[in-house]
Amino acid sequence: MSAPERRSGIGYDSHRFGGEGPLMLAGVEIPGAPALEGHSDADVVAHAVTDALLGAAGLGDIGEHFPDDDPRFRDADSIGLLGEARRAVGEPGWRVVNVDVSVLAERPRLGPHKRPMAERLASALGVDAGAVNVKAKTNEGMGFVGRGEGIAVLAVAQIERPG
Ligand code: MG
């Protein structure tokens, strides 16, 4: 039996503040924070992780799978879309090894929310909570994140299938 095949993918997303309703990050509602703007629930973390996962499997990007001009995805639950992406990636036999996320936000403070976010992502991805890591940092006052205009997220996903 040959060694398992492993691949990795990168994901990036950003959304500006100004939406309606609660701030949703990785499927977790962050109380007392301004919402992000977007066609779906604007879950910038779920979107970046979805792109990392699709990228690892060579399956394009989130916009091809869930077009933002498609009324089916208006106000969509993005953590649910991540679950759909995981199923698409599982079709050709891939399983998630690990996911690492950096959330760039001047506000709100995300320290207390990192663990619940990692757990929610892990459950959508069908992996142990230890396979998902969420980090949060400010942008030291620089650029659109630093000015508090929005949130940006970087994500990396590694997947594997039997050789
Ligand atoms: Mg997005």
# chains A, B, ... in the order shown; residues from 1 in each chain; ligands from 1
call {"tool": "residues_around", "arguments": {"residues": "Arg161 of chain A", "least_positions_apart": "2", "cutoff": "10 Å", "atoms": "only C-alpha atoms", "output": "PDB file with N, CA and C atoms, in the first residue's frame"}}
result
ATOM      1  N   ALA A   3       1.855   5.377   0.262  1.00  0.00           N
ATOM      2  CA  ALA A   3       1.589   6.414   1.265  1.00  0.00           C
ATOM      3  C   ALA A   3       0.350   7.208   0.887  1.00  0.00           C
ATOM      4  N   PRO A   4      -0.376   7.708   1.894  1.00  0.00           N
ATOM      5  CA  PRO A   4      -1.540   8.541   1.567  1.00  0.00           C
ATOM      6  C   PRO A   4      -1.129   9.780   0.779  1.00  0.00           C
ATOM      7  N   GLU A   5      -2.062  10.230  -0.064  1.00  0.00           N
ATOM      8  CA  GLU A   5      -1.850  11.457  -0.831  1.00  0.00           C
ATOM      9  C   GLU A   5      -2.311  12.627   0.039  1.00  0.00           C
ATOM     10  N   ARG A   6      -1.493  13.655   0.142  1.00  0.00           N
ATOM     11  CA  ARG A   6      -1.856  14.827   0.957  1.00  0.00           C
ATOM     12  C   ARG A   6      -1.774  16.081   0.116  1.00  0.00           C
ATOM     13  N   ARG A   7      -2.742  16.948   0.306  1.00  0.00           N
ATOM     14  CA  ARG A   7      -2.730  18.231  -0.405  1.00  0.00           C
ATOM     15  C   ARG A   7      -3.162  19.336   0.549  1.00  0.00           C
ATOM     16  N   GLY A  90     -15.291  15.205   0.006  1.00  0.00           N
ATOM     17  CA  GLY A  90     -15.297  13.804   0.412  1.00  0.00           C
ATOM     18  C   GLY A  90     -15.640  12.855  -0.731  1.00  0.00           C
ATOM     19  N   PRO A  92     -14.514  12.529  -3.866  1.00  0.00           N
ATOM     20  CA  PRO A  92     -13.341  11.840  -4.432  1.00  0.00           C
ATOM     21  C   PRO A  92     -12.434  11.216  -3.376  1.00  0.00           C
ATOM     22  N   GLY A  93     -12.924  11.104  -2.135  1.00  0.00           N
ATOM     23  CA  GLY A  93     -12.211  10.321  -1.133  1.00  0.00           C
ATOM     24  C   GLY A  93     -11.345  11.095  -0.159  1.00  0.00           C
ATOM     25  N   TRP A  94     -11.407  12.443  -0.230  1.00  0.00           N
ATOM     26  CA  TRP A  94     -10.566  13.227   0.683  1.00  0.00           C
ATOM     27  C   TRP A  94     -11.204  13.329   2.064  1.00  0.00           C
ATOM     28  N   ARG A  95     -10.342  13.341   3.092  1.00  0.00           N
ATOM     29  CA  ARG A  95     -10.793  13.705   4.435  1.00  0.00           C
ATOM     30  C   ARG A  95      -9.889  14.815   4.952  1.00  0.00           C
ATOM     31  N   VAL A  96     -10.444  15.614   5.861  1.00  0.00           N
ATOM     32  CA  VAL A  96      -9.709  16.769   6.378  1.00  0.00           C
ATOM     33  C   VAL A  96      -8.691  16.314   7.417  1.00  0.00           C
ATOM     34  N   VAL A  97      -7.458  16.749   7.266  1.00  0.00           N
ATOM     35  CA  VAL A  97      -6.416  16.467   8.267  1.00  0.00           C
ATOM     36  C   VAL A  97      -6.406  17.572   9.318  1.00  0.00           C
ATOM     37  N   ILE A 159      -5.697  18.127   3.455  1.00  0.00           N
ATOM     38  CA  ILE A 159      -6.585  16.970   3.274  1.00  0.00           C
ATOM     39  C   ILE A 159      -5.741  15.771   2.864  1.00  0.00           C
ATOM     40  N   GLY A 163      -3.476   6.192  -0.470  1.00  0.00           N
ATOM     41  CA  GLY A 163      -2.692   6.100  -1.708  1.00  0.00           C
ATOM     42  C   GLY A 163      -3.078   4.872  -2.532  1.00  0.00           C
TER      43      GLY A 163
END
call {"tool": "residues_near_ligand", "arguments": {"ligand": "ligand 1", "cutoff": "7 Å", "atoms": "only C-alpha atoms and all ligand atoms", "output": "PyMOL selection string"}}
result
chain A and resi 13-15+38+42-44+47
call {"tool": "select_by_dssp", "arguments": {"residues": "chain A", "states": "strand (DSSP E or B)", "output": "number ranges by chain"}}
result
A: 5-17, 23-25, 28-30, 36, 95-104, 132-137, 150-161
call {"tool": "atom_distance", "arguments": {"atom1": "atom CA of Arg72 of chain A", "atom2": "atom CA of Gly27 of chain A"}}
result
18.6 Å
call {"tool": "residues_around", "arguments": {"residues": "Ser78 of chain A", "least_positions_apart": "3", "cutoff": "12 Å", "atoms": "only C-alpha atoms", "output": "ChimeraX atom specification"}}
result
/A:24-28,38-51,62,66,68,73-75,81-85,120-121,124
call {"tool": "residues_around", "arguments": {"residues": "Ala122 of chain A", "least_positions_apart": "2", "cutoff": "10 Å", "atoms": "only C-alpha atoms", "output": "ChimeraX atom specification"}}
result
/A:26,96,98-99,116-120,124-133
call {"tool": "atom_distance", "arguments": {"atom1": "atom CA of Gly150 of chain A", "atom2": "atom CA of Glu37 of chain A"}}
result
9.0 Å
call {"tool": "select_by_dssp", "arguments": {"residues": "segment 48-150 of chain A", "states": "alpha helix (DSSP H)", "output": "PyMOL selection string"}}
result
chain A and resi 48-56+62-65+78-90+114-125+143-146
call {"tool": "atom_distance", "arguments": {"atom1": "atom CA of Arg115 of chain A", "atom2": "atom CA of Arg147 of chain A"}}
result
25.8 Å
call {"tool": "closest_residue", "arguments": {"among": "A:Tyr12, A:Asp61, A:Val89, A:Glu20", "to": "Glu160 of chain A", "atoms": "only C-alpha atoms"}}
result
A:Val89
call {"tool": "residues_around", "arguments": {"residues": "Val103 of chain A", "least_positions_apart": "4", "cutoff": "8 Å", "atoms": "only C-alpha atoms", "output": "list in words"}}
result
Val45, Val134, Lys135, Ala136, Lys137, Ile151, Ala152, Val153 and Leu154 of chain A
call {"tool": "write_last_selection", "arguments": {"atoms": "all heavy atoms", "output": "CSV table (one decimal), in the first residue's frame"}}
result
chain,number,residue,atom,x,y,z
A,45,VAL,N,-15.2,33.9,8.2
A,45,VAL,CA,-14.3,32.8,8.6
A,45,VAL,C,-14.8,31.5,7.9
A,45,VAL,O,-14.0,30.8,7.3
A,45,VAL,CB,-14.4,32.5,10.2
A,45,VAL,CG1,-13.6,31.3,10.5
A,45,VAL,CG2,-13.9,33.7,10.9
A,134,VAL,N,-7.8,28.2,15.6
A,134,VAL,CA,-8.2,29.6,15.3
A,134,VAL,C,-7.4,30.6,16.0
A,134,VAL,O,-7.3,30.5,17.3
A,134,VAL,CB,-9.7,29.8,15.6
A,134,VAL,CG1,-10.1,31.3,15.4
A,134,VAL,CG2,-10.6,28.9,14.7
A,135,LYS,N,-6.8,31.5,15.3
A,135,LYS,CA,-6.0,32.6,15.9
A,135,LYS,C,-6.6,33.9,15.6
A,135,LYS,O,-7.3,34.0,14.6
A,135,LYS,CB,-4.5,32.5,15.3
A,135,LYS,CG,-3.9,31.2,15.4
A,135,LYS,CD,-2.5,31.1,14.8
A,135,LYS,CE,-2.4,31.5,13.4
A,135,LYS,NZ,-3.1,30.6,12.5
A,136,ALA,N,-6.4,34.9,16.4
A,136,ALA,CA,-7.0,36.2,16.2
A,136,ALA,C,-5.9,37.2,16.5
A,136,ALA,O,-5.2,37.1,17.4
A,136,ALA,CB,-8.2,36.4,17.1
A,137,LYS,N,-5.9,38.3,15.6
A,137,LYS,CA,-4.9,39.4,15.8
A,137,LYS,C,-5.5,40.6,15.2
A,137,LYS,O,-6.3,40.6,14.4
A,137,LYS,CB,-3.6,39.0,15.3
A,137,LYS,CG,-3.6,38.8,13.8
A,137,LYS,CD,-2.3,38.1,13.4
A,137,LYS,CE,-1.1,38.9,13.7
A,137,LYS,NZ,0.2,38.2,13.9
A,151,ILE,N,-13.4,42.9,8.5
A,151,ILE,CA,-12.6,41.8,9.0
A,151,ILE,C,-12.0,41.0,7.9
A,151,ILE,O,-12.7,40.8,6.9
A,151,ILE,CB,-13.5,40.9,9.9
A,151,ILE,CG1,-13.9,41.6,11.2
A,151,ILE,CG2,-12.7,39.6,10.3
A,151,ILE,CD1,-14.8,40.8,12.1
A,152,ALA,N,-10.8,40.5,8.0
A,152,ALA,CA,-10.2,39.7,6.9
A,152,ALA,C,-9.8,38.4,7.6
A,152,ALA,O,-9.4,38.3,8.8
A,152,ALA,CB,-9.0,40.4,6.3
A,153,VAL,N,-9.8,37.3,6.8
A,153,VAL,CA,-9.4,36.0,7.3
A,153,VAL,C,-8.6,35.2,6.3
A,153,VAL,O,-8.8,35.2,5.1
A,153,VAL,CB,-10.7,35.2,7.6
A,153,VAL,CG1,-10.4,33.7,8.1
A,153,VAL,CG2,-11.6,35.9,8.6
A,154,LEU,N,-7.5,34.6,6.9
A,154,LEU,CA,-6.7,33.7,6.1
A,154,LEU,C,-6.9,32.3,6.7
A,154,LEU,O,-7.0,32.1,7.9
A,154,LEU,CB,-5.2,34.0,6.3
A,154,LEU,CG,-4.8,35.4,5.7
A,154,LEU,CD1,-3.5,35.8,6.4
A,154,LEU,CD2,-4.7,35.3,4.2
